[in-house]
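Have a look at run17.txt; it's compact mmCIF, C-alpha atoms:
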# COMPACT_ATOMS: atom_id res chain seq x y z
CA MET A 1 281.07 126.06 191.70
CA SER A 2 278.08 124.65 193.34
CA THR A 3 276.99 121.27 192.35
CA LEU A 4 273.47 120.17 192.54
CA THR A 5 273.17 116.76 193.97
CA ALA A 6 270.20 114.95 192.67
CA THR A 7 268.66 113.15 195.48
CA SER A 8 266.09 110.60 194.78
CA GLU A 9 263.11 110.82 196.98
CA THR A 10 262.53 107.63 198.90
CA PRO A 11 258.98 107.01 200.02
CA GLU A 12 258.51 106.87 203.71
CA SER A 13 257.93 103.44 205.03
CA THR A 14 254.28 103.27 205.78
CA THR A 15 252.25 100.35 206.95
CA ALA A 16 249.49 99.41 204.60
CA ALA A 17 246.05 100.01 206.03
CA PRO A 18 244.33 96.75 206.74
CA ALA A 19 241.76 95.87 204.17
CA ARG A 20 238.18 96.09 205.37
CA PRO A 21 236.64 92.68 205.85
CA VAL A 22 234.25 91.68 203.15
CA TYR A 23 230.86 90.78 204.53
CA ARG A 24 228.74 88.48 202.45
CA VAL A 25 224.98 88.57 202.65
CA THR A 26 223.99 85.07 203.68
CA GLY A 27 220.69 83.62 204.74
CA ARG A 28 221.96 83.04 208.28
CA ARG A 29 223.03 86.66 208.65
CA VAL A 30 219.73 87.98 207.33
CA LEU A 31 217.89 85.73 209.78
CA ALA A 32 220.09 86.95 212.62
CA SER A 33 219.42 90.56 211.63
CA GLU A 34 215.65 90.05 211.58
CA TRP A 35 215.81 88.22 214.91
CA ALA A 36 217.64 91.15 216.49
CA LYS A 37 215.21 93.69 215.02
CA LEU A 38 212.19 91.72 216.20
CA TRP A 39 213.28 91.62 219.84
CA SER A 40 214.50 95.22 219.89
CA LEU A 41 210.91 96.50 219.57
CA ARG A 42 208.82 97.08 222.68
CA SER A 43 205.69 96.23 220.70
CA THR A 44 207.00 92.68 220.22
CA TRP A 45 207.04 91.97 223.95
CA ILE A 46 203.71 93.68 224.58
CA THR A 47 201.81 92.07 221.70
CA LEU A 48 203.21 88.59 222.26
CA GLY A 49 202.30 88.94 225.91
CA LEU A 50 198.77 89.95 224.97
CA GLY A 51 198.45 87.02 222.58
CA LEU A 52 199.56 84.60 225.30
CA LEU A 53 197.27 86.26 227.84
CA PHE A 54 194.24 86.11 225.54
CA LEU A 55 194.83 82.45 224.78
CA VAL A 56 195.23 81.38 228.40
CA ALA A 57 192.84 83.80 230.11
CA PHE A 58 189.87 83.28 227.81
CA GLY A 59 190.37 79.52 227.91
CA VAL A 60 190.35 79.52 231.71
CA ILE A 61 187.33 81.85 231.79
CA ALA A 62 185.39 79.58 229.40
CA ALA A 63 186.20 76.49 231.46
CA SER A 64 185.22 78.28 234.68
CA HIS A 65 181.95 79.47 233.15
CA TYR A 66 181.13 75.95 232.00
CA LYS A 67 181.85 74.51 235.43
CA SER A 68 179.82 77.22 237.17
CA ASN A 69 176.77 76.69 234.95
CA LEU A 70 176.97 72.95 235.39
CA ASP A 71 177.20 73.17 239.19
CA SER A 72 174.35 75.65 239.46
CA GLY A 73 172.09 73.73 237.09
CA ARG A 74 171.59 76.75 234.84
CA HIS A 75 170.61 76.16 231.22
CA MET A 76 173.50 76.16 228.75
CA ASP A 77 173.12 76.67 225.04
CA ARG A 78 173.62 73.72 222.75
CA ASP A 79 177.18 74.52 221.65
CA PHE A 80 178.37 75.18 225.19
CA ALA A 81 176.67 72.08 226.58
CA SER A 82 178.53 69.85 224.11
CA ALA A 83 181.89 71.50 224.77
CA THR A 84 185.02 69.56 225.66
CA ALA A 85 188.07 70.52 227.66
CA VAL A 86 189.86 71.14 224.36
CA SER A 87 187.23 73.45 222.87
CA LEU A 88 186.90 75.34 226.15
CA SER A 89 190.66 75.75 226.54
CA LEU A 90 191.05 76.99 222.96
CA PHE A 91 188.18 79.48 223.29
CA GLY A 92 190.70 82.34 223.26
CA THR A 93 192.15 81.40 219.88
CA ASN A 94 189.99 83.94 218.04
CA PHE A 95 191.30 86.71 220.29
CA ALA A 96 194.92 85.56 220.24
CA GLN A 97 194.92 85.48 216.42
CA LEU A 98 194.25 89.22 216.35
CA ALA A 99 197.20 90.02 218.61
CA LEU A 100 199.62 87.72 216.77
CA GLY A 101 198.37 88.76 213.34
CA VAL A 102 198.66 92.46 214.16
CA LEU A 103 202.23 91.98 215.34
CA GLY A 104 202.99 90.24 212.05
CA VAL A 105 201.77 93.32 210.19
CA LEU A 106 203.91 95.56 212.41
CA VAL A 107 207.01 93.44 211.76
CA THR A 108 206.97 94.35 208.06
CA ALA A 109 204.81 97.45 207.57
CA GLY A 110 206.41 99.13 210.57
CA GLU A 111 209.69 99.43 208.65
CA TYR A 112 207.90 101.25 205.83
CA SER A 113 206.31 103.72 208.24
CA THR A 114 209.69 104.54 209.84
CA GLY A 115 211.71 104.46 206.60
CA MET A 116 214.01 101.76 207.97
CA ILE A 117 213.12 99.55 205.01
CA ARG A 118 215.53 101.58 202.85
CA SER A 119 218.47 100.58 205.05
CA THR A 120 217.29 96.99 205.16
CA LEU A 121 217.05 96.65 201.38
CA ALA A 122 220.34 98.51 200.88
CA ALA A 123 222.01 95.83 203.02
CA VAL A 124 220.12 93.02 201.24
CA PRO A 125 219.78 94.13 197.60
CA ARG A 126 218.17 90.90 196.46
CA ARG A 127 215.13 91.83 198.62
CA LEU A 128 213.35 88.47 198.77
CA PRO A 129 215.56 87.08 201.58
CA VAL A 130 214.24 89.93 203.73
CA LEU A 131 210.66 88.76 203.28
CA TRP A 132 211.47 85.09 203.82
CA SER A 133 213.53 85.86 206.92
CA LYS A 134 210.90 88.13 208.48
CA ALA A 135 208.17 85.57 207.84
CA ALA A 136 210.26 82.65 209.11
CA VAL A 137 211.54 84.37 212.25
CA TYR A 138 208.21 85.75 213.33
CA GLY A 139 206.30 82.64 212.26
CA VAL A 140 208.47 80.44 214.48
CA VAL A 141 208.17 82.85 217.42
CA ALA A 142 204.38 83.02 217.07
CA LEU A 143 204.22 79.23 216.73
CA VAL A 144 206.18 78.66 219.95
CA VAL A 145 204.24 81.26 221.96
CA ALA A 146 200.87 79.97 220.72
CA THR A 147 201.74 76.32 221.34
CA VAL A 148 202.90 77.05 224.87
CA GLY A 149 199.73 79.07 225.49
CA ALA A 150 197.50 76.30 224.13
CA PHE A 151 199.05 73.66 226.39
CA VAL A 152 198.97 75.91 229.45
CA ALA A 153 195.32 76.80 228.81
CA PHE A 154 194.43 73.13 228.41
CA LEU A 155 196.29 71.98 231.51
CA VAL A 156 194.59 74.63 233.64
CA GLY A 157 191.19 74.27 231.98
CA SER A 158 191.18 70.47 232.22
CA GLN A 159 191.72 70.76 235.96
CA ILE A 160 188.75 73.13 236.24
CA VAL A 161 186.35 70.84 234.34
CA SER A 162 187.65 67.66 235.95
CA GLY A 163 184.77 65.36 236.86
CA THR A 164 182.39 66.90 234.32
CA PRO A 165 181.26 65.54 230.93
CA ALA A 166 183.81 67.85 229.29
CA ALA A 167 186.77 66.37 231.17
CA MET A 168 189.66 65.18 229.02
CA GLY A 169 193.37 64.55 229.46
CA LEU A 170 196.39 64.73 227.20
CA GLY A 171 196.10 61.00 226.65
CA HIS A 172 192.69 61.25 225.00
CA ALA A 173 192.64 60.70 221.25
CA GLY A 174 193.21 63.86 219.25
CA VAL A 175 193.97 66.17 222.18
CA VAL A 176 197.68 66.68 221.51
CA ARG A 177 196.98 67.01 217.79
CA SER A 178 194.41 69.74 218.48
CA LEU A 179 196.74 71.70 220.77
CA LEU A 180 199.62 71.50 218.31
CA GLY A 181 197.24 72.42 215.50
CA ALA A 182 196.14 75.55 217.38
CA GLY A 183 199.77 76.62 217.74
CA LEU A 184 200.43 75.95 214.06
CA TYR A 185 197.33 77.88 213.01
CA LEU A 186 198.29 80.94 215.06
CA GLY A 187 201.86 80.76 213.78
CA LEU A 188 200.60 80.82 210.19
CA VAL A 189 198.28 83.73 211.03
CA GLY A 190 201.41 85.61 212.09
CA VAL A 191 203.05 84.80 208.75
CA ILE A 192 199.96 86.02 206.87
CA GLY A 193 200.07 89.24 208.89
CA ALA A 194 203.72 89.76 207.96
CA ALA A 195 202.92 89.12 204.29
CA LEU A 196 200.02 91.58 204.32
CA GLY A 197 202.23 94.23 205.92
CA MET A 198 204.81 93.80 203.16
CA LEU A 199 202.14 93.72 200.45
CA LEU A 200 200.19 96.79 201.56
CA ARG A 201 203.09 98.70 203.20
CA SER A 202 200.63 100.21 205.65
CA VAL A 203 200.02 99.19 209.25
CA ALA A 204 196.39 100.32 209.16
CA GLY A 205 195.77 98.70 205.78
CA GLY A 206 197.37 95.41 206.75
CA ILE A 207 195.42 95.17 210.01
CA SER A 208 192.16 96.05 208.26
CA VAL A 209 192.58 93.34 205.61
CA LEU A 210 193.64 90.80 208.25
CA VAL A 211 190.59 91.47 210.44
CA ALA A 212 188.30 91.43 207.41
CA ALA A 213 189.65 88.09 206.16
CA LEU A 214 189.47 86.36 209.53
CA MET A 215 186.33 87.86 211.05
CA LEU A 216 184.20 89.90 208.64
CA VAL A 217 184.16 87.76 205.50
CA PRO A 218 182.70 84.68 207.30
CA GLY A 219 179.82 86.85 208.49
CA LEU A 220 179.17 88.13 204.99
CA VAL A 221 179.24 84.60 203.55
CA SER A 222 176.53 83.61 206.04
CA LEU A 223 174.21 86.02 204.20
CA LEU A 224 174.56 84.07 200.95
CA PRO A 225 172.07 81.36 199.92
CA THR A 226 172.50 78.16 201.90
CA SER A 227 173.49 76.19 198.81
CA TRP A 228 176.40 78.55 198.27
CA GLN A 229 177.54 78.56 201.86
CA GLY A 230 178.34 74.86 201.81
CA ASP A 231 180.67 75.34 198.85
CA ILE A 232 182.45 78.45 200.17
CA ASP A 233 182.36 78.36 203.96
CA PRO A 234 184.82 75.48 204.66
CA TYR A 235 187.50 77.07 202.48
CA LEU A 236 187.55 80.49 204.12
CA PRO A 237 190.82 81.16 205.97
CA SER A 238 189.28 81.22 209.44
CA HIS A 239 187.15 78.09 208.96
CA ALA A 240 189.91 76.13 207.26
CA GLY A 241 192.19 77.14 210.14
CA GLU A 242 189.64 76.07 212.75
CA SER A 243 189.45 72.61 211.21
CA ILE A 244 193.19 72.20 211.90
CA PHE A 245 192.67 72.20 215.67
CA ALA A 246 189.03 71.08 215.96
CA LEU A 247 188.69 67.86 217.93
CA THR A 248 185.66 66.60 216.00
CA HIS A 249 184.54 67.10 212.40
CA ASP A 250 181.38 66.60 210.38
CA SER A 251 180.31 66.75 206.75
CA THR A 252 180.30 70.57 206.75
CA THR A 253 183.93 70.94 207.83
CA LEU A 254 187.27 69.95 206.39
CA SER A 255 189.48 67.28 207.90
CA PRO A 256 192.58 68.52 209.80
CA SER A 257 194.91 67.66 206.93
CA ALA A 258 192.64 69.23 204.29
CA GLY A 259 192.17 72.33 206.45
CA LEU A 260 195.93 72.64 206.84
CA LEU A 261 196.48 72.39 203.10
CA VAL A 262 193.84 75.05 202.41
CA PHE A 263 195.26 77.39 205.03
CA LEU A 264 198.78 76.83 203.72
CA GLY A 265 197.42 77.82 200.31
CA TRP A 266 196.10 81.11 201.73
CA THR A 267 199.45 81.70 203.41
CA ALA A 268 201.35 81.02 200.18
CA LEU A 269 199.03 83.37 198.29
CA ALA A 270 199.70 86.21 200.74
CA LEU A 271 203.46 85.60 200.57
CA ALA A 272 203.39 85.47 196.77
CA GLY A 273 201.63 88.83 196.61
CA ALA A 274 204.11 90.34 199.05
CA ALA A 275 207.07 88.95 197.09
CA TYR A 276 205.71 90.30 193.79
CA ARG A 277 205.28 93.81 195.12
CA LEU A 278 208.62 93.75 196.90
CA LEU A 279 210.39 92.91 193.64
CA ARG A 280 208.36 95.17 191.33
CA SER A 281 207.84 98.34 193.38
CA ASP A 282 210.23 100.91 194.77
CA VAL A 283 210.32 101.44 198.50

Kindly transcribe the structure held in the file into structure tokens.
Amino acid sequence: MSTLTATSETPESTTAAPARPVYRVTGRRVLASEWAKLWSLRSTWITLGLGLLFLVAFGVIAASHYKSNLDSGRHMDRDFASATAVSLSLFGTNFAQLALGVLGVLVTAGEYSTGMIRSTLAAVPRRLPVLWSKAAVYGVVALVVATVGAFVAFLVGSQIVSGTPAAMGLGHAGVVRSLLGAGLYLGLVGVIGAALGMLLRSVAGGISVLVAALMLVPGLVSLLPTSWQGDIDPYLPSHAGESIFALTHDSTTLSPSAGLLVFLGWTALALAGAAYRLLRSDV
């Protein structure tokens, strides 16, 4: 008689698979991610290099042109004749702002054109930290590059115009403030560019609006009646920004602190628009 022996099955001893580490989305990690993405792009190196080159090269060219005209006795127009080492050295600011502002647009709108923004927002579902981190990282980078460029341009330019009526040194009143103000202005232009890229989600659209705001609108305002110009002109983004790093001021311009507050207001407005669309619209 065969007997069936009930054997209880014993589970094989298996080692439990290690639990996957839980990664929390923190502000520091989002900043580190945006820092890595910024420097992984070839356009970052090229455009920052162009911004630095424009700032230094045009400042040196302006100082050299001033010195050449003065030595040769040629007639100089009124604005150029009253120039200082600071204004000559910062002559390239208008050109550098285009390079740094365009890169700001690329930092944000570039992710929409490649579709990478979907991965970014999947990793950071709350969305707004992405905007703040992009703006902060690039704003600081643009600030440092622009400040270094402003000081280099001044140190070289002041040597060129040494011994002329435009000669100035770092010890002169307002010089350091002007150079730091130029760096701050260009850094904020980069933040505005990043905000416009996030708001419009188009590289071409962001660059167009940036150029219009900084360069075209002041020209259009000059066509308005003179009584209107005095009320509008000082508060335009470009003119308010210029007052931040201008060495001298008059009744038609804002003071450095007032210009900074106005330009910060324009920056906050651009960031607010970008934040609203980021929260309300699908990618």

Quiz item: What's the 7 Å shell around range 22-39 of chain A, counting only C-alpha atoms, without same-chain residues fewer than 2 positions away, as a ChimeraX atom specification?
Solution: /A:20,41,44,124,129-130,133-134,137

List every residue of range 22-103 of chain A that has an atom at most 6 Å from any atom of range 160-171 of chain A, and for each one report the closest atom pair and its distance in Å to one decimal, counting only C-alpha atoms, with rows sorted by chain and then by increasing residue number, as JSON lines.
{"residue": "A:Lys67", "atom": "CA", "partner": "A:Val161", "partner_atom": "CA", "distance": 5.9}
{"residue": "A:Thr84", "atom": "CA", "partner": "A:Ala166", "partner_atom": "CA", "distance": 4.2}
{"residue": "A:Ala85", "atom": "CA", "partner": "A:Ala166", "partner_atom": "CA", "distance": 5.3}

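In this model, the gap between CA of Ser89 in chain A and CA of Leu143 in chain A comes to 17.1 Å.
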
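When all atoms listed in the file are used to measure the gap to Val217 in chain A, the shortest distance among A:Ile46, A:Leu98, A:Leu128, A:Ile232 belongs to A:Ile232.
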
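With all atoms listed in the file as the basis for measurement, A:Tyr112 is the residue among A:Tyr112, A:Tyr276, A:Phe95, A:Phe54 that approaches Gly197 in chain A most closely.
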
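Here CA of Thr47 in chain A stands at a distance of 16.0 Å from CA of Ala204 in chain A.
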
So which residues touch Ala268 in chain A within 10 Å, counting all atoms listed in the file, skipping near sequence neighbours fewer than 4 positions away, as an mmCIF file with C-alpha atoms, keeping the file's coordinate frame?
data_model
loop_
_atom_site.group_PDB
_atom_site.id
_atom_site.type_symbol
_atom_site.label_atom_id
_atom_site.label_comp_id
_atom_site.auth_asym_id
_atom_site.auth_seq_id
_atom_site.Cartn_x
_atom_site.Cartn_y
_atom_site.Cartn_z
ATOM 1 C CA VAL A 191 203.050 84.800 208.750
ATOM 2 C CA ILE A 192 199.960 86.020 206.870
ATOM 3 C CA ALA A 195 202.920 89.120 204.290
ATOM 4 C CA VAL A 262 193.840 75.050 202.410
ATOM 5 C CA PHE A 263 195.260 77.390 205.030
ATOM 6 C CA LEU A 264 198.780 76.830 203.720
ATOM 7 C CA ALA A 272 203.390 85.470 196.770
ATOM 8 C CA GLY A 273 201.630 88.830 196.610
ATOM 9 C CA ALA A 274 204.110 90.340 199.050
#

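CA of Val189 in chain A to CA of Thr93 in chain A spans 11.0 Å [interatomic distance, one decimal].
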
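Residue nearest Thr248 in chain A, chosen from A:Leu236, A:Val86, A:Ala182, A:Leu106 and counting only C-alpha atoms: A:Val86.
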
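Near (216.5, 94.8, 198.2), the residues inside the 12 Å limit, counting all atoms listed in the file, come to A:Val25, A:Val30, A:Ile117, A:Arg118, A:Ser119, A:Thr120, A:Leu121, A:Ala122, A:Ala123, A:Val124, A:Pro125, A:Arg126, A:Arg127, A:Leu128, A:Pro129, A:Val130, A:Leu131, A:Ala275, A:Arg277, A:Leu278, A:Leu279, A:Arg280, A:Ser281, A:Asp282, A:Val283.
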
Please provide the set of residues having any atom within 9 Å of Phe151 in chain A, restricted to all atoms listed in the file, with same-chain residues fewer than 4 positions apart removed, written as a PDB file with C-alpha atoms, in the frame of the given file.
ATOM      1  CA  VAL A  56     195.230  81.380 228.400  1.00  0.00           C
ATOM      2  CA  SER A  89     190.660  75.750 226.540  1.00  0.00           C
ATOM      3  CA  ALA A 146     200.870  79.970 220.720  1.00  0.00           C
ATOM      4  CA  THR A 147     201.740  76.320 221.340  1.00  0.00           C
ATOM      5  CA  LEU A 155     196.290  71.980 231.510  1.00  0.00           C
ATOM      6  CA  VAL A 156     194.590  74.630 233.640  1.00  0.00           C
ATOM      7  CA  VAL A 176     197.680  66.680 221.510  1.00  0.00           C
ATOM      8  CA  LEU A 179     196.740  71.700 220.770  1.00  0.00           C
ATOM      9  CA  LEU A 180     199.620  71.500 218.310  1.00  0.00           C
TER      10      LEU A 180
END

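If you measure from each of A:Pro225, A:Gly241, A:Pro234, A:Gly193 to Gly110 in chain A using all atoms listed in the file, the closest one turns out to be A:Gly193.
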
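Closest to Leu55 in chain A among A:Pro218, A:Gly183, A:Gly149, A:Gly265 is A:Gly149, based on only C-alpha atoms.
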